[in-house]
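Student: Have a look at this one before I ask anything.
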Amino acid sequence: MSIPGPILPTAGSPLAVQKPHARRRDPSVARWLAARLPLIVSAVVLLFFALAAIAPFLLAPVDPLAINPAQAFSAPGAGHLLGTDESGRDIYSRIIHGARPSLLIGAAATAVGLGLALVLGTIAGFGGRWLDFGVGRVLEVLFALPGLLLALVFIALAGPGVSTTVIAVGLTTAPGYARMIRAQIIALRTSPMVEAATVLGRSRTRILTIHILPNALAPLAVLATLGLGQAILWAASLSFLGLGAPPPAPEWGTMLSSGRTYLSLAWWMTFFPGLAIVLVAAAATVLSRSLKSADGR
Amino acid sequence: MSAPEPVLRVANLNVSFSGTPVVRGVSFTVNPGECLAVVGESGSGKSVTARSLLGLAGPGSLVRAGTLDVAGHDARNLSQRRWRALRGKQVGFILQDALTSLDPLRTVGKEIDDALRVHSKGTGAERAARVIELLHAVGLDDPVRRASQRSGELSGGMRQRALIASAIALNPALIIADEPTTALDATIAASVMNLLGRLRQAGSGMLLISHDLAAVARVADSIAVMQSGHIVEHGPREQVLNDPQHPYTRALLAAVPAGKPRFTRLSPARDAPTPSNSQPGRPAAPNGQPAAVVQPLLSARGLAKTFPLAKTAGFRAVGNVGFDLLPGRTLGVVGESGSGKTTTARMALGLLTPDTGTVKLFGEQWSSIPESARRTRRSSLGAIYQDPLSSFDPRLSAGAMLADALSLGATRNPRAHAAEITDLLQMVGLDVEMAARHPATLSGGQRQRLAIARALAPKPRVLICDEPVSALDVSIQAQVLDLLDELQRRLGLSYLFISHDLSVVRHMSDEVLVMRAGEVVESGATEAVFTNPVHEYTRTLLAAAPVLPPVRRVSLDAMLAGHPEAGKIERQP
């Protein structure tokens, strides 16, 4: 049998370099920043609008409701950064002041949607076969109706306004979340982790509150961020249809709606509120994606 | 006869990831018809070594070698294109997990055909014929039908054979197999090993990677033992197995449970004070008779369970299983996958209600009662599983988990039970600092120790161990088995010990049940059953279990003599 002795590299022979996938980490700050640029930009955008929502007068000292007919339809420029609307109100100021109602509607609607979904999803996922069946059919009915139609039906019944918009949007988004929560809970319910807790003598309620719900909620943080952008879009759609905040109020969807009439005359009236909606929705989505990849162990 | 040109020559191979060396100065040679086994535990660099021989070391890797001759080609500085020409054609690669290595959406025949087509061998009809021929060569029954099936329709052993067929499709001069039998049942593993042995005899050079010395002992001509990226011992099989020089090789050999009597340590004693051998908690002597009539802690009579299946009468997982677990004793349950071991365990744990039959705990009804009636008695029955991590709440640190187990779920604050947590961790041989760690950051062996600590927290008298060491390296397995032994003596625990590994069960158990297809085919005192097996299946299991020296070279040759390829073999001197 041939047993190789230790083959030593001859002194002068250069060691070969073989790199199947030459992709080495460049530790420079520029690279680090480039990789995280979308995340940084979206964080900055969200922080900016969050600040606008908390302290609008800091960013826009001009009263968003102050009328100045003489300066109506001013184009974006030195006097009015983003122009003025048909009554001469400053668009920039209105967008900044509109951040609070717009973001609040989005956040509240997401909370309503998730809360409703959590209840339905938990009942379906943990309540046994018949409850699962019942909730499943209810969700299917909700799914069968287009989201906007569902919201419109609700508003038609309850009357327009900010709080109805919140509930309507929450109702629209709830079925999707509920399905995901149910799946999450069913996966956890049959997991070895819950089996181990059963063997340790834990009751069903304990297992649900200690092990299942907290673990099902963690991925929801990602969903909620993603849903925030979605809910803002939904709320803006409803406002655009004239079913959200009433017109003089600086709300992005409402501003879009009133700008629509003058689109050929003053594009900035529609464009900038629309841009604000897109920015927030996109930033929330990017952020949730980064959260998701950070969460994925 | 002149010395044949080696199919693989590696000298001073170094592999590093992001500057961290994982393989250091590894050198070896494989001749045609020779099999070199590289053995070592997880993280020893053995898989990286194998992969860098195929140009597959992975992103971020830096491979440097003095010599790297693969099948007569200098494989240093090969382009991806040249590597692809080499792989498959000159080198066949067999991975551990055949399920993930085969595309679930394509038929087995297509997968094998791929290898032939990429290297443009023959017309479609010729290739189809070759596929059938290959499937036949790897010992699959009905190769024509197998070729049209998808990997999901094949059993684990068949999949591994199909994968081997695709690896040898182009008659590679070198076959590299990375843990080819680790995921397989013992009897299947033995037949796959025999297949690999035949391929080697037919003239292919073979590099076999494994964590288990016993698994490769039958096939390897020479053995290289790897530790932390170095080859610490390298020599002919007989020399390494019979006269190991390096302490690590000796530890690996000692870790193999096969042929070691009950209560012999498999791993070096750890620093923590070990209890004396007086065995206070153990009512009966290890090999003696149980004293008078002892009431069994856990007993089962006539257990049966059938799972409903669409369109059929259902799948009978367990039928008529009964056993008695006596205080301080270990009852082993051995059988291959699908034999009903885990279903039996789940019924014993009260997680599954048997269709017929009863389980009694301390003589009282345990099965077929509501969970709420079981709950108060749950603390006397613990369980550990094959995959401890999945049985942990991913949000909790090790300490929080133990606090939860100690407080009956009332708190997850480790400070509330600091002293008891320290005791538990020390009892299972973990550092006290581990309490702050997250289980996902622990190694496999540490996780299983933590799982044992958690199971012990409610002070149970019976521990049901379902494949507790099956996912561990042999050396880690040895430590966990030793720990279980030690805890049994110290705390007087009773174990229901389930494993597919006959050597492990034999080492651990006082009594044993041999299960097959949901039935107990043989039961009794462990040594009596295994030294004098009555049922044929028990004999099959015994024959398939890997053994260490004395190495029976002759028996392998005798086994191969019956195979058609064996006659053509040109034996190595």
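In the structure tokens, chains take the letters A, B, ... in the order shown, each chain's residues start at 1, and ligands count up from 1 in the order shown.
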Write out as a ChimeraX atom specification each polymer residue whose atoms come within 7 Å of region 494-504 of chain B, counting only C-alpha atoms; drop sequence neighbours fewer than 2 positions from it.
Tutor: /B:185-186,257-258,326-336,341,461-467,488,492,506-508,545
Student: Go ahead and dump the residues you just picked, N, CA and C atoms, as an mmCIF file, in the first residue's frame.
Tutor:
```cif
data_model
loop_
_atom_site.group_PDB
_atom_site.id
_atom_site.type_symbol
_atom_site.label_atom_id
_atom_site.label_comp_id
_atom_site.auth_asym_id
_atom_site.auth_seq_id
_atom_site.Cartn_x
_atom_site.Cartn_y
_atom_site.Cartn_z
ATOM 1 N N ASP B 185 -30.362 5.025 7.608
ATOM 2 C CA ASP B 185 -30.489 3.944 8.579
ATOM 3 C C ASP B 185 -29.325 2.974 8.433
ATOM 4 N N ALA B 186 -29.049 2.255 9.526
ATOM 5 C CA ALA B 186 -27.858 1.412 9.558
ATOM 6 C C ALA B 186 -27.805 0.393 8.426
ATOM 7 N N PRO B 257 -19.384 3.836 20.375
ATOM 8 C CA PRO B 257 -19.995 3.026 21.436
ATOM 9 C C PRO B 257 -20.001 1.527 21.128
ATOM 10 N N ALA B 258 -19.847 1.165 19.850
ATOM 11 C CA ALA B 258 -19.965 -0.250 19.487
ATOM 12 C C ALA B 258 -18.959 -1.089 20.265
ATOM 13 N N LEU B 326 -38.435 0.007 34.495
ATOM 14 C CA LEU B 326 -38.220 -0.144 35.931
ATOM 15 C C LEU B 326 -37.383 1.002 36.477
ATOM 16 N N PRO B 327 -37.491 1.279 37.783
ATOM 17 C CA PRO B 327 -36.754 2.409 38.370
ATOM 18 C C PRO B 327 -35.250 2.261 38.155
ATOM 19 N N GLY B 328 -34.619 3.339 37.755
ATOM 20 C CA GLY B 328 -33.172 3.368 37.613
ATOM 21 C C GLY B 328 -32.627 2.576 36.449
ATOM 22 N N ARG B 329 -33.501 2.102 35.580
ATOM 23 C CA ARG B 329 -33.033 1.281 34.466
ATOM 24 C C ARG B 329 -33.220 2.034 33.149
ATOM 25 N N THR B 330 -32.592 1.513 32.122
ATOM 26 C CA THR B 330 -32.769 2.090 30.797
ATOM 27 C C THR B 330 -33.392 1.060 29.885
ATOM 28 N N LEU B 331 -34.491 1.457 29.273
ATOM 29 C CA LEU B 331 -35.122 0.594 28.280
ATOM 30 C C LEU B 331 -34.820 1.186 26.915
ATOM 31 N N GLY B 332 -34.089 0.456 26.116
ATOM 32 C CA GLY B 332 -33.738 0.943 24.787
ATOM 33 C C GLY B 332 -34.782 0.518 23.774
ATOM 34 N N VAL B 333 -35.052 1.405 22.825
ATOM 35 C CA VAL B 333 -35.938 1.049 21.712
ATOM 36 C C VAL B 333 -35.139 1.282 20.448
ATOM 37 N N VAL B 334 -34.938 0.236 19.681
ATOM 38 C CA VAL B 334 -34.130 0.377 18.473
ATOM 39 C C VAL B 334 -34.947 -0.073 17.274
ATOM 40 N N GLY B 335 -34.753 0.606 16.175
ATOM 41 C CA GLY B 335 -35.466 0.272 14.943
ATOM 42 C C GLY B 335 -35.144 1.326 13.914
ATOM 43 N N GLU B 336 -35.459 1.050 12.660
ATOM 44 C CA GLU B 336 -35.123 2.007 11.616
ATOM 45 C C GLU B 336 -36.240 3.034 11.479
ATOM 46 N N LYS B 341 -40.982 4.034 16.513
ATOM 47 C CA LYS B 341 -40.319 4.398 17.764
ATOM 48 C C LYS B 341 -40.844 5.714 18.314
ATOM 49 N N ARG B 461 -38.469 11.617 37.289
ATOM 50 C CA ARG B 461 -37.880 10.315 37.580
ATOM 51 C C ARG B 461 -37.680 9.511 36.299
ATOM 52 N N VAL B 462 -38.417 9.907 35.275
ATOM 53 C CA VAL B 462 -38.309 9.208 33.995
ATOM 54 C C VAL B 462 -37.961 10.226 32.919
ATOM 55 N N LEU B 463 -37.008 9.875 32.075
ATOM 56 C CA LEU B 463 -36.640 10.747 30.962
ATOM 57 C C LEU B 463 -36.842 9.956 29.674
ATOM 58 N N ILE B 464 -37.621 10.528 28.770
ATOM 59 C CA ILE B 464 -37.805 9.873 27.481
ATOM 60 C C ILE B 464 -36.891 10.561 26.486
ATOM 61 N N CYS B 465 -35.943 9.798 25.958
ATOM 62 C CA CYS B 465 -34.916 10.363 25.079
ATOM 63 C C CYS B 465 -35.173 9.861 23.669
ATOM 64 N N ASP B 466 -35.649 10.758 22.789
ATOM 65 C CA ASP B 466 -35.956 10.367 21.419
ATOM 66 C C ASP B 466 -34.806 10.765 20.506
ATOM 67 N N GLU B 467 -34.014 9.813 20.108
ATOM 68 C CA GLU B 467 -32.844 10.042 19.245
ATOM 69 C C GLU B 467 -31.985 11.192 19.772
ATOM 70 N N GLN B 488 -27.864 9.280 35.369
ATOM 71 C CA GLN B 488 -28.691 8.149 35.791
ATOM 72 C C GLN B 488 -28.190 7.589 37.122
ATOM 73 N N GLY B 492 -30.643 8.479 39.913
ATOM 74 C CA GLY B 492 -31.530 7.321 39.870
ATOM 75 C C GLY B 492 -32.600 7.423 38.809
ATOM 76 N N ARG B 506 -27.334 -0.364 22.441
ATOM 77 C CA ARG B 506 -26.698 -1.482 23.118
ATOM 78 C C ARG B 506 -25.823 -0.992 24.259
ATOM 79 N N HIS B 507 -25.149 0.128 24.018
ATOM 80 C CA HIS B 507 -24.278 0.663 25.053
ATOM 81 C C HIS B 507 -25.069 1.230 26.230
ATOM 82 N N MET B 508 -26.248 1.764 25.947
ATOM 83 C CA MET B 508 -26.977 2.515 26.972
ATOM 84 C C MET B 508 -27.999 1.682 27.755
ATOM 85 N N ALA B 545 -24.568 -2.938 11.690
ATOM 86 C CA ALA B 545 -23.961 -1.951 12.578
ATOM 87 C C ALA B 545 -22.465 -1.872 12.325
#
```
Student: Near Ala53 (chain A), counting only C-alpha atoms, which residues have an atom at most 7 Å away, once you skip same-chain residues fewer than 2 positions from it, shown as an NGL selection string?
Tutor: :A and (49-51 or 55-56 or 97 or 99-100)
Student: Could you tell me how far CA of Leu208 (chain A) lies from CA of Pro192 (chain A), in Å and to one decimal?
Tutor: 14.2 Å
Student: Considering only helix (DSSP H, G or I) as DSSP defines it on the backbone, what residues of region 20-95 of chain A qualify? List them as a PDB file with N, CA and C atoms, in the first residue's frame.
Tutor:
```
ATOM      1  N   VAL A  29     -15.351  52.591   4.327  1.00  0.00           N
ATOM      2  CA  VAL A  29     -16.602  53.199   4.771  1.00  0.00           C
ATOM      3  C   VAL A  29     -17.539  53.428   3.589  1.00  0.00           C
ATOM      4  N   ALA A  30     -16.970  53.788   2.447  1.00  0.00           N
ATOM      5  CA  ALA A  30     -17.789  54.079   1.269  1.00  0.00           C
ATOM      6  C   ALA A  30     -18.618  52.873   0.879  1.00  0.00           C
ATOM      7  N   ARG A  31     -17.958  51.695   0.885  1.00  0.00           N
ATOM      8  CA  ARG A  31     -18.676  50.467   0.532  1.00  0.00           C
ATOM      9  C   ARG A  31     -19.799  50.200   1.527  1.00  0.00           C
ATOM     10  N   TRP A  32     -19.455  50.383   2.787  1.00  0.00           N
ATOM     11  CA  TRP A  32     -20.425  50.130   3.849  1.00  0.00           C
ATOM     12  C   TRP A  32     -21.650  51.010   3.638  1.00  0.00           C
ATOM     13  N   LEU A  33     -21.386  52.268   3.316  1.00  0.00           N
ATOM     14  CA  LEU A  33     -22.470  53.211   3.105  1.00  0.00           C
ATOM     15  C   LEU A  33     -23.275  52.831   1.876  1.00  0.00           C
ATOM     16  N   ALA A  34     -22.566  52.448   0.809  1.00  0.00           N
ATOM     17  CA  ALA A  34     -23.249  52.123  -0.440  1.00  0.00           C
ATOM     18  C   ALA A  34     -24.213  50.967  -0.244  1.00  0.00           C
ATOM     19  N   ALA A  35     -23.780  49.981   0.549  1.00  0.00           N
ATOM     20  CA  ALA A  35     -24.625  48.824   0.766  1.00  0.00           C
ATOM     21  C   ALA A  35     -25.873  49.199   1.547  1.00  0.00           C
ATOM     22  N   ARG A  36     -25.732  50.185   2.391  1.00  0.00           N
ATOM     23  CA  ARG A  36     -26.862  50.551   3.243  1.00  0.00           C
ATOM     24  C   ARG A  36     -27.544  51.838   2.805  1.00  0.00           C
ATOM     25  N   LEU A  37     -27.198  52.328   1.623  1.00  0.00           N
ATOM     26  CA  LEU A  37     -27.737  53.599   1.164  1.00  0.00           C
ATOM     27  C   LEU A  37     -29.267  53.619   1.161  1.00  0.00           C
ATOM     28  N   PRO A  38     -29.933  52.612   0.589  1.00  0.00           N
ATOM     29  CA  PRO A  38     -31.405  52.652   0.592  1.00  0.00           C
ATOM     30  C   PRO A  38     -31.963  52.746   2.004  1.00  0.00           C
ATOM     31  N   LEU A  39     -31.342  51.987   2.901  1.00  0.00           N
ATOM     32  CA  LEU A  39     -31.813  51.984   4.277  1.00  0.00           C
ATOM     33  C   LEU A  39     -31.637  53.362   4.912  1.00  0.00           C
ATOM     34  N   ILE A  40     -30.466  53.978   4.671  1.00  0.00           N
ATOM     35  CA  ILE A  40     -30.183  55.279   5.273  1.00  0.00           C
ATOM     36  C   ILE A  40     -31.129  56.340   4.721  1.00  0.00           C
ATOM     37  N   VAL A  41     -31.312  56.318   3.383  1.00  0.00           N
ATOM     38  CA  VAL A  41     -32.194  57.303   2.766  1.00  0.00           C
ATOM     39  C   VAL A  41     -33.617  57.166   3.305  1.00  0.00           C
ATOM     40  N   SER A  42     -34.092  55.919   3.387  1.00  0.00           N
ATOM     41  CA  SER A  42     -35.482  55.763   3.841  1.00  0.00           C
ATOM     42  C   SER A  42     -35.619  56.147   5.315  1.00  0.00           C
ATOM     43  N   ALA A  43     -34.587  55.877   6.093  1.00  0.00           N
ATOM     44  CA  ALA A  43     -34.645  56.290   7.502  1.00  0.00           C
ATOM     45  C   ALA A  43     -34.705  57.807   7.604  1.00  0.00           C
ATOM     46  N   VAL A  44     -33.896  58.491   6.765  1.00  0.00           N
ATOM     47  CA  VAL A  44     -33.896  59.958   6.785  1.00  0.00           C
ATOM     48  C   VAL A  44     -35.276  60.493   6.383  1.00  0.00           C
ATOM     49  N   VAL A  45     -35.852  59.908   5.328  1.00  0.00           N
ATOM     50  CA  VAL A  45     -37.175  60.339   4.863  1.00  0.00           C
ATOM     51  C   VAL A  45     -38.209  60.182   5.971  1.00  0.00           C
ATOM     52  N   LEU A  46     -38.210  59.004   6.590  1.00  0.00           N
ATOM     53  CA  LEU A  46     -39.203  58.745   7.626  1.00  0.00           C
ATOM     54  C   LEU A  46     -39.003  59.670   8.827  1.00  0.00           C
ATOM     55  N   LEU A  47     -37.726  59.910   9.187  1.00  0.00           N
ATOM     56  CA  LEU A  47     -37.446  60.795  10.316  1.00  0.00           C
ATOM     57  C   LEU A  47     -37.920  62.206  10.019  1.00  0.00           C
ATOM     58  N   PHE A  48     -37.688  62.642   8.768  1.00  0.00           N
ATOM     59  CA  PHE A  48     -38.106  63.975   8.365  1.00  0.00           C
ATOM     60  C   PHE A  48     -39.621  64.127   8.524  1.00  0.00           C
ATOM     61  N   PHE A  49     -40.378  63.140   8.012  1.00  0.00           N
ATOM     62  CA  PHE A  49     -41.828  63.252   8.090  1.00  0.00           C
ATOM     63  C   PHE A  49     -42.345  63.034   9.501  1.00  0.00           C
ATOM     64  N   ALA A  50     -41.599  62.223  10.262  1.00  0.00           N
ATOM     65  CA  ALA A  50     -41.986  62.051  11.666  1.00  0.00           C
ATOM     66  C   ALA A  50     -41.831  63.372  12.408  1.00  0.00           C
ATOM     67  N   LEU A  51     -40.721  64.062  12.132  1.00  0.00           N
ATOM     68  CA  LEU A  51     -40.504  65.380  12.749  1.00  0.00           C
ATOM     69  C   LEU A  51     -41.604  66.342  12.311  1.00  0.00           C
ATOM     70  N   ALA A  52     -41.959  66.277  11.010  1.00  0.00           N
ATOM     71  CA  ALA A  52     -43.031  67.131  10.492  1.00  0.00           C
ATOM     72  C   ALA A  52     -44.334  66.856  11.222  1.00  0.00           C
ATOM     73  N   ALA A  53     -44.579  65.581  11.528  1.00  0.00           N
ATOM     74  CA  ALA A  53     -45.818  65.229  12.201  1.00  0.00           C
ATOM     75  C   ALA A  53     -45.815  65.721  13.642  1.00  0.00           C
ATOM     76  N   ILE A  54     -44.634  65.632  14.280  1.00  0.00           N
ATOM     77  CA  ILE A  54     -44.550  66.011  15.695  1.00  0.00           C
ATOM     78  C   ILE A  54     -44.523  67.527  15.856  1.00  0.00           C
ATOM     79  N   PRO A  56     -44.687  70.478  13.253  1.00  0.00           N
ATOM     80  CA  PRO A  56     -44.711  71.025  11.894  1.00  0.00           C
ATOM     81  C   PRO A  56     -44.223  72.468  11.808  1.00  0.00           C
ATOM     82  N   PHE A  57     -44.437  73.254  12.862  1.00  0.00           N
ATOM     83  CA  PHE A  57     -44.058  74.674  12.779  1.00  0.00           C
ATOM     84  C   PHE A  57     -42.555  74.871  12.751  1.00  0.00           C
ATOM     85  N   LEU A  58     -41.828  73.852  13.214  1.00  0.00           N
ATOM     86  CA  LEU A  58     -40.369  73.924  13.168  1.00  0.00           C
ATOM     87  C   LEU A  58     -39.880  73.916  11.724  1.00  0.00           C
ATOM     88  N   LEU A  59     -40.544  73.098  10.886  1.00  0.00           N
ATOM     89  CA  LEU A  59     -40.105  72.936   9.500  1.00  0.00           C
ATOM     90  C   LEU A  59     -40.810  73.907   8.566  1.00  0.00           C
ATOM     91  N   PRO A  69     -55.285  85.127  -1.869  1.00  0.00           N
ATOM     92  CA  PRO A  69     -55.759  84.977  -3.265  1.00  0.00           C
ATOM     93  C   PRO A  69     -54.857  85.652  -4.265  1.00  0.00           C
ATOM     94  N   ALA A  70     -54.152  86.694  -3.872  1.00  0.00           N
ATOM     95  CA  ALA A  70     -53.287  87.407  -4.815  1.00  0.00           C
ATOM     96  C   ALA A  70     -52.189  86.493  -5.343  1.00  0.00           C
ATOM     97  N   GLN A  71     -51.776  85.542  -4.514  1.00  0.00           N
ATOM     98  CA  GLN A  71     -50.679  84.684  -4.943  1.00  0.00           C
ATOM     99  C   GLN A  71     -51.148  83.295  -5.359  1.00  0.00           C
ATOM    100  N   ILE A  91     -48.037  75.303  -0.523  1.00  0.00           N
ATOM    101  CA  ILE A  91     -48.095  73.832  -0.649  1.00  0.00           C
ATOM    102  C   ILE A  91     -47.096  73.168   0.308  1.00  0.00           C
ATOM    103  N   TYR A  92     -45.874  73.720   0.379  1.00  0.00           N
ATOM    104  CA  TYR A  92     -44.859  73.122   1.247  1.00  0.00           C
ATOM    105  C   TYR A  92     -45.365  73.046   2.672  1.00  0.00           C
ATOM    106  N   SER A  93     -45.919  74.188   3.131  1.00  0.00           N
ATOM    107  CA  SER A  93     -46.424  74.239   4.493  1.00  0.00           C
ATOM    108  C   SER A  93     -47.556  73.235   4.688  1.00  0.00           C
ATOM    109  N   ARG A  94     -48.406  73.099   3.669  1.00  0.00           N
ATOM    110  CA  ARG A  94     -49.539  72.177   3.782  1.00  0.00           C
ATOM    111  C   ARG A  94     -49.069  70.716   3.810  1.00  0.00           C
ATOM    112  N   ILE A  95     -48.008  70.425   3.042  1.00  0.00           N
ATOM    113  CA  ILE A  95     -47.497  69.040   3.052  1.00  0.00           C
ATOM    114  C   ILE A  95     -46.910  68.715   4.422  1.00  0.00           C
TER     115      ILE A  95
END
```
Student: Using only C-alpha atoms, select each residue of chain B with any atom at most 8 Å away from an atom of chain A, and give the selection as number ranges by chain.
Tutor: B: 11-12, 18, 27-29, 31, 55-67, 76-80, 222, 235-236, 349, 351, 372, 374-379, 381-383, 390-395, 405, 408-409, 455, 458, 572-573
Student: Generate the output file for the selected residues, C-alpha atoms, as a PDB file, in the first residue's frame.
Tutor:
```
ATOM      1  CA  ALA B  11       0.449  18.926  -0.853  1.00  0.00           C
ATOM      2  CA  ASN B  12       0.381  21.719   1.679  1.00  0.00           C
ATOM      3  CA  SER B  18     -11.685  36.100   5.333  1.00  0.00           C
ATOM      4  CA  SER B  27      -1.212  16.748   2.236  1.00  0.00           C
ATOM      5  CA  PHE B  28      -2.330  13.386   0.942  1.00  0.00           C
ATOM      6  CA  THR B  29      -2.388  11.161  -2.114  1.00  0.00           C
ATOM      7  CA  ASN B  31      -4.154   6.124  -5.940  1.00  0.00           C
ATOM      8  CA  GLY B  55     -13.108  24.269  -6.724  1.00  0.00           C
ATOM      9  CA  LEU B  56     -16.198  24.659  -4.570  1.00  0.00           C
ATOM     10  CA  ALA B  57     -14.703  26.068  -1.397  1.00  0.00           C
ATOM     11  CA  GLY B  58     -17.233  28.872  -1.539  1.00  0.00           C
ATOM     12  CA  PRO B  59     -17.395  32.649  -1.555  1.00  0.00           C
ATOM     13  CA  GLY B  60     -14.775  34.476   0.435  1.00  0.00           C
ATOM     14  CA  SER B  61     -12.414  31.513   0.441  1.00  0.00           C
ATOM     15  CA  LEU B  62      -8.738  31.587  -0.380  1.00  0.00           C
ATOM     16  CA  VAL B  63      -7.273  28.247  -1.443  1.00  0.00           C
ATOM     17  CA  ARG B  64      -3.509  27.839  -1.643  1.00  0.00           C
ATOM     18  CA  ALA B  65      -1.634  24.647  -2.336  1.00  0.00           C
ATOM     19  CA  GLY B  66       1.888  23.495  -3.124  1.00  0.00           C
ATOM     20  CA  THR B  67       0.470  20.720  -5.265  1.00  0.00           C
ATOM     21  CA  ARG B  76      -4.393  25.376  -9.169  1.00  0.00           C
ATOM     22  CA  ASN B  77      -5.580  28.546 -10.893  1.00  0.00           C
ATOM     23  CA  LEU B  78      -8.279  26.795 -12.840  1.00  0.00           C
ATOM     24  CA  SER B  79     -10.953  28.962 -14.381  1.00  0.00           C
ATOM     25  CA  GLN B  80     -14.582  28.206 -13.574  1.00  0.00           C
ATOM     26  CA  SER B 222      -5.962   4.470   4.774  1.00  0.00           C
ATOM     27  CA  GLY B 235      -1.710   5.896   7.972  1.00  0.00           C
ATOM     28  CA  PRO B 236      -3.024   2.537   6.793  1.00  0.00           C
ATOM     29  CA  LEU B 349     -45.373  11.156  26.808  1.00  0.00           C
ATOM     30  CA  LEU B 351     -48.844  13.745  23.518  1.00  0.00           C
ATOM     31  CA  SER B 372     -55.553  18.659  32.530  1.00  0.00           C
ATOM     32  CA  ARG B 374     -52.007  14.685  33.379  1.00  0.00           C
ATOM     33  CA  ARG B 375     -50.651  18.168  33.992  1.00  0.00           C
ATOM     34  CA  THR B 376     -49.993  17.849  37.720  1.00  0.00           C
ATOM     35  CA  ARG B 377     -48.026  14.642  37.163  1.00  0.00           C
ATOM     36  CA  ARG B 378     -46.061  15.958  34.202  1.00  0.00           C
ATOM     37  CA  SER B 379     -43.133  16.991  36.378  1.00  0.00           C
ATOM     38  CA  LEU B 381     -41.729  12.721  33.194  1.00  0.00           C
ATOM     39  CA  GLY B 382     -39.199  14.620  31.090  1.00  0.00           C
ATOM     40  CA  ALA B 383     -38.185  14.438  27.467  1.00  0.00           C
ATOM     41  CA  SER B 390     -36.315  23.516  17.758  1.00  0.00           C
ATOM     42  CA  SER B 391     -37.656  22.553  21.189  1.00  0.00           C
ATOM     43  CA  PHE B 392     -36.456  25.856  22.664  1.00  0.00           C
ATOM     44  CA  ASP B 393     -38.419  29.096  22.548  1.00  0.00           C
ATOM     45  CA  PRO B 394     -36.258  31.158  20.178  1.00  0.00           C
ATOM     46  CA  ARG B 395     -36.815  34.316  22.201  1.00  0.00           C
ATOM     47  CA  ALA B 405     -38.852  25.284  33.560  1.00  0.00           C
ATOM     48  CA  LEU B 408     -43.482  25.996  36.279  1.00  0.00           C
ATOM     49  CA  GLY B 409     -43.794  28.832  33.822  1.00  0.00           C
ATOM     50  CA  ALA B 455     -35.764  18.362  31.265  1.00  0.00           C
ATOM     51  CA  PRO B 458     -38.828  19.725  37.386  1.00  0.00           C
ATOM     52  CA  GLN B 572      -3.707  -2.903  -5.237  1.00  0.00           C
ATOM     53  CA  PRO B 573      -0.546  -4.351  -3.688  1.00  0.00           C
TER      54      PRO B 573
END
```
Student: Could you tell me how far CA of Arg51 (chain B) lies from CA of Ser204 (chain B), in Å and to one decimal?
Tutor: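 According to the coordinates, CA of Arg51 (chain B) and CA of Ser204 (chain B) are separated by 18.3 Å.
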Student: Between CA of Gly259 (chain A) and CA of Val278 (chain A), what distance in Å does the model show, to one decimal?
Tutor: 16.5 Å
Student: Using only C-alpha atoms, which of the listed residues (A:Ala284, A:Gly88, A:Val169, A:Ala108) sits closest to Ser74 (chain A)?
Tutor: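 Among the listed residues, the smallest separation from Ser74 (chain A) belongs to A:Gly88.
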Student: I'd like the contact shell of Val141 (chain A) - 12 Å cut-off, only C-alpha atoms, skipping same-chain residues fewer than 6 positions apart - returned as number ranges by chain.
Tutor: A: 134-135, 147, 150, 172, 175
Student: Pick out the residues sitting within 7 Å of Gly106 (chain A), and hand them over as an NGL selection string; count only C-alpha atoms, and ignore anything fewer than 3 positions along from it in its own chain.
Tutor: :A and (102-103 or 109-110 or 228 or 231-232 or 235)
